[in-house]
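S.K.: Next comes my_file.pdb, PDB, C-alpha atoms:
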ATOM      1  CA  MET A  27     204.484  57.975  29.330
ATOM      2  CA  ALA A  28     202.240  58.622  26.373
ATOM      3  CA  GLU A  29     199.133  60.708  26.852
ATOM      4  CA  ILE A  30     196.260  61.719  24.604
ATOM      5  CA  LYS A  31     195.268  65.343  25.110
ATOM      6  CA  CYS A  32     192.164  66.946  23.678
ATOM      7  CA  GLN A  33     190.165  70.114  24.144
ATOM      8  CA  GLU A  34     186.993  69.977  26.215
ATOM      9  CA  TRP A  35     183.850  68.682  24.510
ATOM     10  CA  THR A  36     185.823  66.493  22.067
ATOM     11  CA  LEU A  37     184.669  62.961  21.185
ATOM     12  CA  LYS A  38     187.667  60.742  20.369
ATOM     13  CA  GLU A  39     187.765  57.068  19.367
ATOM     14  CA  LEU A  40     190.284  54.972  21.329
ATOM     15  CA  ALA A  41     189.415  51.495  20.041
ATOM     16  CA  LYS A  42     186.814  50.192  17.631
ATOM     17  CA  GLY A  43     183.525  51.641  18.902
ATOM     18  CA  LEU A  44     185.016  52.821  22.215
ATOM     19  CA  TYR A  45     185.313  56.577  22.731
ATOM     20  CA  VAL A  46     185.997  59.207  25.344
ATOM     21  CA  PHE A  47     184.033  62.449  25.437
ATOM     22  CA  PHE A  48     186.444  64.954  26.950
ATOM     23  CA  GLY A  49     184.967  67.493  29.336
ATOM     24  CA  PRO A  50     185.372  68.716  32.907
ATOM     25  CA  THR A  51     184.291  65.140  33.691
ATOM     26  CA  ASN A  52     185.195  62.667  30.959
ATOM     27  CA  VAL A  53     182.452  60.345  29.699
ATOM     28  CA  GLY A  54     182.984  56.944  28.103
ATOM     29  CA  VAL A  55     181.016  56.034  24.978
ATOM     30  CA  ALA A  56     180.563  52.505  23.601
ATOM     31  CA  ALA A  57     178.837  52.713  20.217
ATOM     32  CA  GLN A  58     177.845  50.011  17.749
ATOM     33  CA  LYS A  59     176.000  50.581  14.475
ATOM     34  CA  LYS A  60     173.234  48.019  13.867
ATOM     35  CA  SER A  61     172.011  46.691  10.547
ATOM     36  CA  SER A  62     169.019  49.047  10.849
ATOM     37  CA  GLY A  63     171.420  51.982  10.606
ATOM     38  CA  VAL A  64     170.782  53.031  14.215
ATOM     39  CA  THR A  65     173.840  53.280  16.482
ATOM     40  CA  GLU A  66     173.298  51.778  19.943
ATOM     41  CA  ILE A  67     175.181  53.587  22.685
ATOM     42  CA  TYR A  68     176.218  52.884  26.256
ATOM     43  CA  PHE A  69     177.511  55.884  28.187
ATOM     44  CA  ILE A  70     179.928  55.521  31.084
ATOM     45  CA  ASP A  71     178.848  58.395  33.331
ATOM     46  CA  ALA A  72     176.704  61.275  32.126
ATOM     47  CA  GLY A  73     178.542  64.550  32.619
ATOM     48  CA  GLU A  74     178.256  67.045  35.411
ATOM     49  CA  ASP A  75     174.877  68.552  34.558
ATOM     50  CA  GLU A  76     172.087  68.762  31.978
ATOM     51  CA  GLY A  77     174.145  71.087  29.771
ATOM     52  CA  ALA A  78     177.018  68.600  29.600
ATOM     53  CA  ALA A  79     174.599  65.751  28.860
ATOM     54  CA  LYS A  80     173.073  67.737  25.977
ATOM     55  CA  LYS A  81     176.540  68.399  24.495
ATOM     56  CA  LEU A  82     177.346  64.692  24.833
ATOM     57  CA  TYR A  83     174.097  63.664  23.142
ATOM     58  CA  GLU A  84     174.512  66.172  20.312
ATOM     59  CA  ALA A  85     178.139  65.129  19.736
ATOM     60  CA  CYS A  86     177.015  61.513  19.328
ATOM     61  CA  GLN A  87     174.229  62.519  16.949
ATOM     62  CA  ASN A  88     176.672  64.531  14.852
ATOM     63  CA  LEU A  89     179.116  61.628  14.661
ATOM     64  CA  PHE A  90     176.791  58.620  14.367
ATOM     65  CA  GLY A  91     173.525  59.973  12.972
ATOM     66  CA  GLU A  92     170.484  58.240  14.453
ATOM     67  CA  ILE A  93     171.293  56.916  17.926
ATOM     68  CA  SER A  94     169.596  54.785  20.560
ATOM     69  CA  VAL A  95     170.999  55.224  24.080
ATOM     70  CA  LYS A  96     170.657  51.896  25.878
ATOM     71  CA  ALA A  97     172.150  52.719  29.292
ATOM     72  CA  VAL A  98     174.161  55.125  31.400
ATOM     73  CA  ILE A  99     176.668  53.115  33.438
ATOM     74  CA  CYS A 100     177.578  55.128  36.542
ATOM     75  CA  THR A 101     181.085  54.770  37.923
ATOM     76  CA  HIS A 102     179.771  56.479  41.068
ATOM     77  CA  ALA A 103     177.073  58.909  42.120
ATOM     78  CA  HIS A 104     178.963  62.141  42.753
ATOM     79  CA  ALA A 105     177.141  65.007  41.094
ATOM     80  CA  ASP A 106     179.861  65.771  38.555
ATOM     81  CA  HIS A 107     179.456  62.234  37.188
ATOM     82  CA  ILE A 108     175.683  61.742  37.200
ATOM     83  CA  GLY A 109     174.421  65.313  36.961
ATOM     84  CA  GLY A 110     173.284  64.647  33.376
ATOM     85  CA  ALA A 111     171.844  61.164  33.981
ATOM     86  CA  ALA A 112     168.284  62.257  34.771
ATOM     87  CA  TRP A 113     168.105  64.322  31.568
ATOM     88  CA  LEU A 114     169.468  61.461  29.456
ATOM     89  CA  LYS A 115     167.006  59.024  30.982
ATOM     90  CA  GLU A 116     164.063  61.353  30.336
ATOM     91  CA  LYS A 117     165.275  62.180  26.815
ATOM     92  CA  THR A 118     166.124  58.660  25.631
ATOM     93  CA  LEU A 119     164.298  56.290  28.064
ATOM     94  CA  CYS A 120     167.652  54.588  28.664
ATOM     95  CA  GLU A 121     168.444  52.503  31.733
ATOM     96  CA  ILE A 122     170.686  53.665  34.571
ATOM     97  CA  TRP A 123     173.197  51.150  35.944
ATOM     98  CA  ALA A 124     175.115  51.552  39.213
ATOM     99  CA  SER A 125     176.454  49.617  42.184
ATOM    100  CA  GLN A 126     174.204  49.146  45.207
ATOM    101  CA  ALA A 127     175.958  51.786  47.315
ATOM    102  CA  GLU A 128     175.911  54.344  44.500
ATOM    103  CA  LYS A 129     172.269  53.522  43.726
ATOM    104  CA  SER A 130     171.358  54.828  47.171
ATOM    105  CA  CYS A 131     173.197  58.095  46.505
ATOM    106  CA  ALA A 132     171.775  58.540  43.004
ATOM    107  CA  GLU A 133     168.233  58.063  44.270
ATOM    108  CA  THR A 134     168.765  60.190  47.399
ATOM    109  CA  PRO A 135     171.211  62.863  46.189
ATOM    110  CA  GLN A 136     170.921  64.841  49.439
ATOM    111  CA  ILE A 137     173.240  62.190  50.924
ATOM    112  CA  GLN A 138     176.204  63.669  49.071
ATOM    113  CA  ALA A 139     176.020  67.219  50.407
ATOM    114  CA  GLN A 140     175.201  65.911  53.866
ATOM    115  CA  SER A 141     178.230  63.616  53.839
ATOM    116  CA  PHE A 142     180.539  66.527  52.963
ATOM    117  CA  TYR A 143     179.056  68.834  55.590
ATOM    118  CA  GLY A 144     178.429  66.225  58.272
ATOM    119  CA  ALA A 145     174.866  67.415  58.913
ATOM    120  CA  PHE A 146     171.907  68.915  57.082
ATOM    121  CA  PRO A 147     173.808  71.038  54.559
ATOM    122  CA  LEU A 148     173.968  74.783  54.270
ATOM    123  CA  PRO A 149     171.803  76.234  51.480
ATOM    124  CA  GLU A 150     175.008  77.249  49.684
ATOM    125  CA  LEU A 151     175.763  73.518  49.332
ATOM    126  CA  ASP A 152     172.380  72.781  47.776
ATOM    127  CA  VAL A 153     173.790  73.442  44.308
ATOM    128  CA  PRO A 154     174.431  71.195  41.272
ATOM    129  CA  TYR A 155     178.120  70.801  42.172
ATOM    130  CA  PHE A 156     177.092  68.860  45.294
ATOM    131  CA  HIS A 157     173.533  67.835  44.522
ATOM    132  CA  ALA A 158     172.664  66.063  41.259
ATOM    133  CA  PRO A 159     169.038  65.705  40.142
ATOM    134  CA  GLN A 160     167.459  62.554  41.548
ATOM    135  CA  CYS A 161     167.931  59.595  39.231
ATOM    136  CA  PHE A 162     166.428  56.128  39.729
ATOM    137  CA  VAL A 163     168.654  53.137  38.984
ATOM    138  CA  ASP A 164     167.288  50.309  36.832
ATOM    139  CA  ARG A 165     170.072  47.758  37.206
ATOM    140  CA  VAL A 166     172.447  47.098  40.100
ATOM    141  CA  ILE A 167     175.969  46.084  39.040
ATOM    142  CA  PHE A 168     178.484  44.227  41.195
ATOM    143  CA  GLY A 169     182.268  44.188  41.166
ATOM    144  CA  GLY A 170     183.519  41.148  39.280
ATOM    145  CA  GLN A 171     180.432  41.010  37.079
ATOM    146  CA  GLN A 172     180.816  40.625  33.315
ATOM    147  CA  ILE A 173     178.130  41.711  30.856
ATOM    148  CA  LYS A 174     178.078  41.367  27.085
ATOM    149  CA  CYS A 175     176.244  44.206  25.352
ATOM    150  CA  GLY A 176     176.060  44.123  21.574
ATOM    151  CA  GLY A 177     179.636  43.947  20.334
ATOM    152  CA  PHE A 178     181.229  44.825  23.676
ATOM    153  CA  ASP A 179     182.280  42.884  26.746
ATOM    154  CA  PHE A 180     182.107  44.922  29.957
ATOM    155  CA  GLU A 181     183.934  43.781  33.077
ATOM    156  CA  PHE A 182     183.161  45.691  36.272
ATOM    157  CA  LEU A 183     185.774  46.193  38.975
ATOM    158  CA  SER A 184     185.055  47.380  42.492
ATOM    159  CA  LEU A 185     187.191  50.459  43.230
ATOM    160  CA  PRO A 186     186.150  51.868  46.624
ATOM    161  CA  GLY A 187     188.050  54.721  48.222
ATOM    162  CA  HIS A 188     186.957  57.920  46.506
ATOM    163  CA  SER A 189     183.401  56.725  47.116
ATOM    164  CA  TYR A 190     182.054  53.585  48.759
ATOM    165  CA  GLY A 191     180.725  51.743  45.727
ATOM    166  CA  MET A 192     182.666  53.061  42.760
ATOM    167  CA  LEU A 193     183.063  50.838  39.717
ATOM    168  CA  GLY A 194     185.728  50.810  37.045
ATOM    169  CA  ILE A 195     184.701  49.448  33.648
ATOM    170  CA  LEU A 196     187.030  47.413  31.446
ATOM    171  CA  ALA A 197     185.502  47.481  27.963
ATOM    172  CA  ALA A 198     186.703  45.105  25.237
ATOM    173  CA  ALA A 199     186.036  46.037  21.621
ATOM    174  CA  SER A 200     185.409  43.520  18.838
ATOM    175  CA  GLY A 201     188.898  44.198  17.481
ATOM    176  CA  GLY A 202     190.439  42.934  20.734
ATOM    177  CA  LYS A 203     191.603  46.241  22.190
ATOM    178  CA  LYS A 204     190.579  47.148  25.712
ATOM    179  CA  VAL A 205     189.778  50.503  27.308
ATOM    180  CA  PHE A 206     189.619  50.898  31.073
ATOM    181  CA  TYR A 207     187.283  53.634  32.276
ATOM    182  CA  ALA A 208     188.657  54.281  35.757
ATOM    183  CA  GLY A 209     186.162  56.779  37.164
ATOM    184  CA  ASP A 210     187.828  58.536  40.098
ATOM    185  CA  GLY A 211     189.763  55.416  41.081
ATOM    186  CA  ILE A 212     192.826  57.226  39.762
ATOM    187  CA  PHE A 213     193.429  60.860  38.842
ATOM    188  CA  GLY A 214     195.240  62.301  35.839
ATOM    189  CA  ARG A 215     198.376  64.394  36.141
ATOM    190  CA  SER A 216     196.568  67.624  35.291
ATOM    191  CA  MET A 217     194.008  66.958  38.036
ATOM    192  CA  LEU A 218     196.690  66.262  40.643
ATOM    193  CA  ARG A 219     198.570  69.413  39.641
ATOM    194  CA  ARG A 220     195.429  71.415  40.461
ATOM    195  CA  PHE A 221     194.212  69.379  43.449
ATOM    196  CA  TRP A 222     196.997  67.450  45.168
ATOM    197  CA  THR A 223     194.483  66.308  47.790
ATOM    198  CA  PRO A 224     191.572  64.650  45.962
ATOM    199  CA  PHE A 225     188.436  63.772  47.888
ATOM    200  CA  VAL A 226     188.512  60.370  49.625
ATOM    201  CA  VAL A 227     186.173  58.578  52.011
ATOM    202  CA  ASP A 228     188.407  55.554  52.700
ATOM    203  CA  VAL A 229     192.152  56.066  52.368
ATOM    204  CA  LYS A 230     193.119  52.396  52.776
ATOM    205  CA  SER A 231     190.652  51.289  50.089
ATOM    206  CA  PHE A 232     191.730  54.132  47.793
ATOM    207  CA  LYS A 233     195.341  52.960  47.943
ATOM    208  CA  GLU A 234     194.289  49.362  47.349
ATOM    209  CA  SER A 235     192.196  50.435  44.344
ATOM    210  CA  ILE A 236     195.182  52.266  42.856
ATOM    211  CA  GLU A 237     197.230  49.065  43.213
ATOM    212  CA  LYS A 238     194.430  47.108  41.542
ATOM    213  CA  ILE A 239     194.322  49.561  38.613
ATOM    214  CA  SER A 240     198.106  49.327  38.183
ATOM    215  CA  LYS A 241     197.727  45.603  37.426
ATOM    216  CA  ILE A 242     194.984  45.951  34.793
ATOM    217  CA  GLN A 243     195.907  45.033  31.246
ATOM    218  CA  ALA A 244     194.394  47.542  28.820
ATOM    219  CA  ASP A 245     195.367  49.543  25.758
ATOM    220  CA  PHE A 246     194.017  52.814  27.163
ATOM    221  CA  PHE A 247     193.196  54.131  30.634
ATOM    222  CA  VAL A 248     190.592  56.878  30.997
ATOM    223  CA  PRO A 249     190.477  58.762  34.321
ATOM    224  CA  SER A 250     187.311  60.808  34.756
ATOM    225  CA  HIS A 251     189.427  63.928  35.209
ATOM    226  CA  GLY A 252     192.457  64.480  33.006
ATOM    227  CA  ASP A 253     194.021  63.003  29.911
ATOM    228  CA  VAL A 254     193.932  59.453  28.531
ATOM    229  CA  TYR A 255     196.961  57.188  29.062
ATOM    230  CA  ASP A 256     198.210  54.142  27.182
ATOM    231  CA  GLU A 257     200.036  52.880  30.267
ATOM    232  CA  VAL A 258     199.216  53.412  33.902
ATOM    233  CA  ASP A 259     202.182  52.431  36.109
ATOM    234  CA  GLU A 260     203.662  55.912  36.499
ATOM    235  CA  LEU A 261     200.247  57.496  37.015
ATOM    236  CA  ALA A 262     199.407  54.950  39.715
ATOM    237  CA  GLU A 263     202.709  55.726  41.418
ATOM    238  CA  LEU A 264     201.970  59.469  41.297
ATOM    239  CA  ASN A 265     198.539  58.904  42.890
ATOM    240  CA  LEU A 266     200.138  56.842  45.667
ATOM    241  CA  ILE A 267     202.791  59.525  46.204
ATOM    242  CA  SER A 268     200.020  62.120  46.540
ATOM    243  CA  THR A 269     198.221  60.033  49.140
ATOM    244  CA  ILE A 270     201.318  59.155  51.154
ATOM    245  CA  SER A 271     202.587  62.761  51.108
ATOM    246  CA  ASN A 272     199.247  63.909  52.517
ATOM    247  CA  GLU A 273     199.538  61.330  55.301
ATOM    248  CA  LYS A 274     203.021  62.544  56.178
ATOM    249  CA  LEU A 275     202.004  66.209  56.102
ATOM    250  CA  ILE A 276     199.190  65.482  58.556
ATOM    251  CA  GLU A 277     201.613  63.686  60.880
ATOM    252  CA  GLU A 278     204.077  66.570  60.593
ATOM    253  CA  ILE A 279     201.383  69.085  61.553
ATOM    254  CA  LEU A 280     200.186  66.918  64.432
ATOM    255  CA  VAL A 281     203.516  66.887  66.235
ATOM    256  CA  GLN A 282     201.658  69.478  68.295
ATOM    257  CA  PRO A 283     198.003  68.747  69.182
ATOM    258  CA  LYS A 284     195.427  70.312  66.882
ATOM    259  CA  THR A 285     191.668  70.352  66.612
ATOM    260  CA  HIS A 286     190.307  69.279  63.249
ATOM    261  CA  GLU A 287     189.745  72.867  62.161
ATOM    262  CA  GLU A 288     193.247  73.878  63.290
ATOM    263  CA  LEU A 289     194.620  70.943  61.319
ATOM    264  CA  LEU A 290     192.621  72.003  58.253
ATOM    265  CA  LYS A 291     194.004  75.564  58.429
ATOM    266  CA  ALA A 292     197.586  74.357  58.831
ATOM    267  CA  PHE A 293     197.164  71.808  56.023
ATOM    268  CA  ALA A 294     195.737  74.469  53.697
ATOM    269  CA  ASP A 295     198.467  76.974  54.606
ATOM    270  CA  LYS A 296     201.264  74.469  53.971
ATOM    271  CA  SER A 297     199.606  73.354  50.712
ATOM    272  CA  ASP A 298     199.137  76.954  49.515
ATOM    273  CA  ILE A 299     195.347  76.527  49.372
ATOM    274  CA  THR A 300     192.957  79.421  49.942
ATOM    275  CA  LEU A 301     189.876  77.808  51.411
ATOM    276  CA  ARG A 302     186.432  78.600  50.041
ATOM    277  CA  LEU A 303     183.277  76.923  51.293
ATOM    278  CA  SER A 304     183.471  74.025  48.828
ATOM    279  CA  GLN A 305     187.127  73.329  49.589
ATOM    280  CA  PHE A 306     186.535  73.749  53.314
ATOM    281  CA  MET A 307     183.907  70.998  53.093
ATOM    282  CA  LEU A 308     185.710  68.637  50.700
ATOM    283  CA  ILE A 309     189.236  68.904  52.090
ATOM    284  CA  GLY A 310     187.910  68.972  55.644
ATOM    285  CA  SER A 311     185.950  65.787  54.996
ATOM    286  CA  SER A 312     188.962  64.129  53.358
ATOM    287  CA  LEU A 313     191.166  65.046  56.314
ATOM    288  CA  ARG A 314     188.732  63.282  58.640
ATOM    289  CA  SER A 315     189.071  60.195  56.431
ATOM    290  CA  TYR A 316     192.863  60.455  56.650
ATOM    291  CA  LEU A 317     192.650  60.809  60.435
ATOM    292  CA  THR A 318     190.512  57.672  60.685
ATOM    293  CA  TYR A 319     193.014  55.777  58.548
ATOM    294  CA  LEU A 320     196.022  57.034  60.517
ATOM    295  CA  TYR A 321     194.255  56.303  63.818
ATOM    296  CA  LYS A 322     193.543  52.712  62.745
ATOM    297  CA  GLU A 323     197.214  52.414  61.772
ATOM    298  CA  GLY A 324     198.252  53.611  65.238
ATOM    299  CA  ARG A 325     199.936  56.701  63.799
ATOM    300  CA  VAL A 326     197.757  59.377  65.448
ATOM    301  CA  ARG A 327     195.679  59.554  68.603
ATOM    302  CA  TRP A 328     192.768  61.669  69.786
ATOM    303  CA  PHE A 329     191.835  63.105  73.172
ATOM    304  CA  PHE A 330     189.544  65.679  74.729
ATOM    305  CA  ASN A 331     190.608  68.763  76.635
ATOM    306  CA  ASP A 332     188.366  71.629  77.740
ATOM    307  CA  ASN A 333     185.470  70.165  75.727
ATOM    308  CA  LYS A 334     187.507  70.174  72.513
ATOM    309  CA  MET A 335     188.647  67.133  70.542
ATOM    310  CA  PHE A 336     192.337  67.165  69.687
ATOM    311  CA  TRP A 337     194.452  65.047  67.354
ATOM    312  CA  GLN A 338     198.144  64.374  67.826
ATOM    313  CA  LYS A 339     200.819  62.227  66.238
ATOM    314  CA  ALA A 340     201.214  59.034  68.213
ATOM    315  CA  ALA A 341     204.397  58.594  70.248
ATOM    316  CA  GLY A 342     206.998  56.392  68.591
TER
END
Represent the supplied structure as structure tokens.

M.R.:
Amino acid sequence: MAEIKCQEWTLKELAKGLYVFFGPTNVGVAAQKKSSGVTEIYFIDAGEDEGAAKKLYEACQNLFGEISVKAVICTHAHADHIGGAAWLKEKTLCEIWASQAEKSCAETPQIQAQSFYGAFPLPELDVPYFHAPQCFVDRVIFGGQQIKCGGFDFEFLSLPGHSYGMLGILAAASGGKKVFYAGDGIFGRSMLRRFWTPFVVDVKSFKESIEKISKIQADFFVPSHGDVYDEVDELAELNLISTISNEKLIEEILVQPKTHEELLKAFADKSDITLRLSQFMLIGSSLRSYLTYLYKEGRVRWFFNDNKMFWQKAAG
């Protein structure tokens, strides 16, 4: 499988006017130069914080000259994707686009840290990694919607699983080539090598979204974390393998009853993960999502004993 690898903070053209800005969180850039000499830009996501957004903005200025940012299109509202959106909106007066579910999170960013922790979060979680600056959304986008902006056709696909309202964006350039900006609907190889258990809120939907991505016809596929691919079948298979292997590991651990925290420790030990607070929250939250999925599938059960909730692999 071919991949395009670049150093962080590199702006690379994939198709006519369609770029990827490589960073810890990749950002899509759709840029068209107008007859006035000004280049109109649509960003897909905004980087993880104000510093990343400034680097993105400066990179576009250096490449295009005078620019006019029309909109930031949010794949989803996790802080590492919209942390720079508020700065870009204040700097450029651009619009912010997002799905309805992600609009709620962007405008009430406390929801994110609370969802990871399961309650009012610890002060250590009130940090940019979990809590992006509040950003008001100007336009709500729906899966299946198609919008023509300047010389580009954007098609929006609903990709729930990693978050409830995530969107993937299929962008068609005037030359006919297509770039699919996948958000966190699928993860690159380098990301999965580092984090074999990515964050999920809905395992069933995540698997369905991977299948949906595997059927998309595009010239390039841009995960938000990792390299760019010119085909996606093998990457989709790797993401499914990751998910299914996590399911099976949970079932293996739950041959004997475990509380959630006992399960988390055993899962981390077997995965060679040293838990810090952030991983404790994110992996712990993901494991609860896996347990819900496995419970609905009839593969695990829960029960109470001595005022503790236990999980166990279902008989048969």

S.K.: Between CA of Asn331 (chain A) and CA of Leu275 (chain A), measure the distance and give it in Å to one decimal.

M.R.: 23.6 Å

S.K.: Under the rule of at most 12 Å, produce a per-residue listing of region 204-255 of chain A near region 39-46 of chain A: chain, number, name, the closest pair of atoms, and the distance in Å, as a tab-separated table, using all atoms listed in the file.

M.R.:
residue	atom	partner	partner_atom	distance
A:Lys204	CA	A:Ala41	CA	7.2
A:Val205	CA	A:Ala41	CA	7.3
A:Phe206	CA	A:Leu44	CA	10.2
A:Tyr207	CA	A:Val46	CA	9.0
A:Ala208	CA	A:Val46	CA	11.8
A:Ala244	CA	A:Ala41	CA	10.8
A:Asp245	CA	A:Ala41	CA	8.5
A:Phe246	CA	A:Leu40	CA	7.3
A:Phe247	CA	A:Leu40	CA	9.8
A:Val248	CA	A:Val46	CA	7.6
A:Pro249	CA	A:Val46	CA	10.0
A:Ser250	CA	A:Val46	CA	9.6
A:His251	CA	A:Val46	CA	11.5
A:Gly252	CA	A:Val46	CA	11.3
A:Asp253	CA	A:Val46	CA	10.0
A:Val254	CA	A:Val46	CA	8.6
A:Tyr255	CA	A:Leu40	CA	10.5

S.K.: Just to be explicit: take each residue in the selection above, keep C-alpha atoms, and write the result as a JSON list (two decimals), in the frame of the given file.

M.R.:
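Output file result06.json is given in full below:
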[["chain", "number", "residue", "atom", "x", "y", "z"],
["A", 204, "LYS", "CA", 190.58, 47.15, 25.71],
["A", 205, "VAL", "CA", 189.78, 50.50, 27.31],
["A", 206, "PHE", "CA", 189.62, 50.90, 31.07],
["A", 207, "TYR", "CA", 187.28, 53.63, 32.28],
["A", 208, "ALA", "CA", 188.66, 54.28, 35.76],
["A", 244, "ALA", "CA", 194.39, 47.54, 28.82],
["A", 245, "ASP", "CA", 195.37, 49.54, 25.76],
["A", 246, "PHE", "CA", 194.02, 52.81, 27.16],
["A", 247, "PHE", "CA", 193.20, 54.13, 30.63],
["A", 248, "VAL", "CA", 190.59, 56.88, 31.00],
["A", 249, "PRO", "CA", 190.48, 58.76, 34.32],
["A", 250, "SER", "CA", 187.31, 60.81, 34.76],
["A", 251, "HIS", "CA", 189.43, 63.93, 35.21],
["A", 252, "GLY", "CA", 192.46, 64.48, 33.01],
["A", 253, "ASP", "CA", 194.02, 63.00, 29.91],
["A", 254, "VAL", "CA", 193.93, 59.45, 28.53],
["A", 255, "TYR", "CA", 196.96, 57.19, 29.06]]

S.K.: Expressed in Å to a single decimal, how great is the separation between CA of Lys334 (chain A) and CA of Asp295 (chain A)?

M.R.: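 Atom-to-atom, CA of Lys334 (chain A) and CA of Asp295 (chain A) are spaced 22.1 Å apart.
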
S.K.: Name all residues at most 12 Å from Ile270 (chain A) (count all atoms listed in the file; drop same-chain ones fewer than 6 positions away) and give them as an MDAnalysis selection string.

M.R.: chainID A and resid 222:223 229:230 232:233 263:264 276:277 316 319:320

S.K.: Mind dumping the selected residues with C-alpha atoms as a CSV table (one decimal), in the frame of the given file?

M.R.:
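Output below, filename again.csv:
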chain,number,residue,atom,x,y,z
A,222,TRP,CA,197.0,67.4,45.2
A,223,THR,CA,194.5,66.3,47.8
A,229,VAL,CA,192.2,56.1,52.4
A,230,LYS,CA,193.1,52.4,52.8
A,232,PHE,CA,191.7,54.1,47.8
A,233,LYS,CA,195.3,53.0,47.9
A,263,GLU,CA,202.7,55.7,41.4
A,264,LEU,CA,202.0,59.5,41.3
A,276,ILE,CA,199.2,65.5,58.6
A,277,GLU,CA,201.6,63.7,60.9
A,316,TYR,CA,192.9,60.5,56.6
A,319,TYR,CA,193.0,55.8,58.5
A,320,LEU,CA,196.0,57.0,60.5

S.K.: Do you know which residues are at most 12 Å from Leu303 (chain A) counting all atoms listed in the file, after dropping those on the same chain fewer than 6 positions away, and could you put them as a ChimeraX atom specification?

M.R.: /A:142-143,147-151,156,309-310

S.K.: Have a look at A:Cys131, A:Ala198, A:Ile99, A:Leu218 and name the one nearest to Ser268 (chain A); count all atoms listed in the file.

M.R.: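 Closest to Ser268 (chain A) of all the choices is A:Leu218.
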
S.K.: Assuming the input is short of atoms at region 197-209 of chain A, produce N, CA, C and O atoms for that part as a PDB file, keeping the file's coordinate frame.

M.R.:
ATOM      1  N   ALA A 197     186.306  47.726  29.152  1.00  0.00           N
ATOM      2  CA  ALA A 197     185.502  47.481  27.963  1.00  0.00           C
ATOM      3  C   ALA A 197     186.383  46.904  26.865  1.00  0.00           C
ATOM      4  O   ALA A 197     187.425  47.480  26.533  1.00  0.00           O
ATOM      5  N   ALA A 198     185.963  45.758  26.316  1.00  0.00           N
ATOM      6  CA  ALA A 198     186.703  45.105  25.237  1.00  0.00           C
ATOM      7  C   ALA A 198     185.953  45.289  23.927  1.00  0.00           C
ATOM      8  O   ALA A 198     184.758  44.977  23.836  1.00  0.00           O
ATOM      9  N   ALA A 199     186.631  45.820  22.937  1.00  0.00           N
ATOM     10  CA  ALA A 199     186.036  46.037  21.621  1.00  0.00           C
ATOM     11  C   ALA A 199     186.158  44.765  20.782  1.00  0.00           C
ATOM     12  O   ALA A 199     186.938  43.855  21.096  1.00  0.00           O
ATOM     13  N   SER A 200     185.399  44.703  19.698  1.00  0.00           N
ATOM     14  CA  SER A 200     185.409  43.520  18.838  1.00  0.00           C
ATOM     15  C   SER A 200     186.772  43.285  18.209  1.00  0.00           C
ATOM     16  O   SER A 200     187.138  42.168  17.868  1.00  0.00           O
ATOM     17  N   GLY A 201     187.558  44.337  18.048  1.00  0.00           N
ATOM     18  CA  GLY A 201     188.898  44.198  17.481  1.00  0.00           C
ATOM     19  C   GLY A 201     189.928  43.672  18.456  1.00  0.00           C
ATOM     20  O   GLY A 201     191.082  43.457  18.086  1.00  0.00           O
ATOM     21  N   GLY A 202     189.531  43.488  19.737  1.00  0.00           N
ATOM     22  CA  GLY A 202     190.439  42.934  20.734  1.00  0.00           C
ATOM     23  C   GLY A 202     191.052  43.947  21.667  1.00  0.00           C
ATOM     24  O   GLY A 202     191.558  43.588  22.729  1.00  0.00           O
ATOM     25  N   LYS A 203     191.023  45.232  21.305  1.00  0.00           N
ATOM     26  CA  LYS A 203     191.603  46.241  22.190  1.00  0.00           C
ATOM     27  C   LYS A 203     190.691  46.494  23.383  1.00  0.00           C
ATOM     28  O   LYS A 203     189.472  46.333  23.308  1.00  0.00           O
ATOM     29  N   LYS A 204     191.313  46.912  24.474  1.00  0.00           N
ATOM     30  CA  LYS A 204     190.579  47.148  25.712  1.00  0.00           C
ATOM     31  C   LYS A 204     190.805  48.580  26.201  1.00  0.00           C
ATOM     32  O   LYS A 204     191.921  49.102  26.123  1.00  0.00           O
ATOM     33  N   VAL A 205     189.727  49.164  26.719  1.00  0.00           N
ATOM     34  CA  VAL A 205     189.778  50.503  27.308  1.00  0.00           C
ATOM     35  C   VAL A 205     189.267  50.391  28.733  1.00  0.00           C
ATOM     36  O   VAL A 205     188.194  49.823  28.968  1.00  0.00           O
ATOM     37  N   PHE A 206     190.046  50.920  29.679  1.00  0.00           N
ATOM     38  CA  PHE A 206     189.619  50.898  31.073  1.00  0.00           C
ATOM     39  C   PHE A 206     189.154  52.285  31.480  1.00  0.00           C
ATOM     40  O   PHE A 206     189.934  53.242  31.483  1.00  0.00           O
ATOM     41  N   TYR A 207     187.866  52.386  31.799  1.00  0.00           N
ATOM     42  CA  TYR A 207     187.283  53.634  32.276  1.00  0.00           C
ATOM     43  C   TYR A 207     187.346  53.603  33.804  1.00  0.00           C
ATOM     44  O   TYR A 207     186.618  52.871  34.463  1.00  0.00           O
ATOM     45  N   ALA A 208     188.253  54.422  34.361  1.00  0.00           N
ATOM     46  CA  ALA A 208     188.657  54.281  35.757  1.00  0.00           C
ATOM     47  C   ALA A 208     187.824  55.079  36.736  1.00  0.00           C
ATOM     48  O   ALA A 208     188.023  54.955  37.946  1.00  0.00           O
ATOM     49  N   GLY A 209     186.885  55.915  36.238  1.00  0.00           N
ATOM     50  CA  GLY A 209     186.162  56.779  37.164  1.00  0.00           C
ATOM     51  C   GLY A 209     187.138  57.646  37.935  1.00  0.00           C
ATOM     52  O   GLY A 209     188.120  58.167  37.387  1.00  0.00           O
TER      53      GLY A 209
END
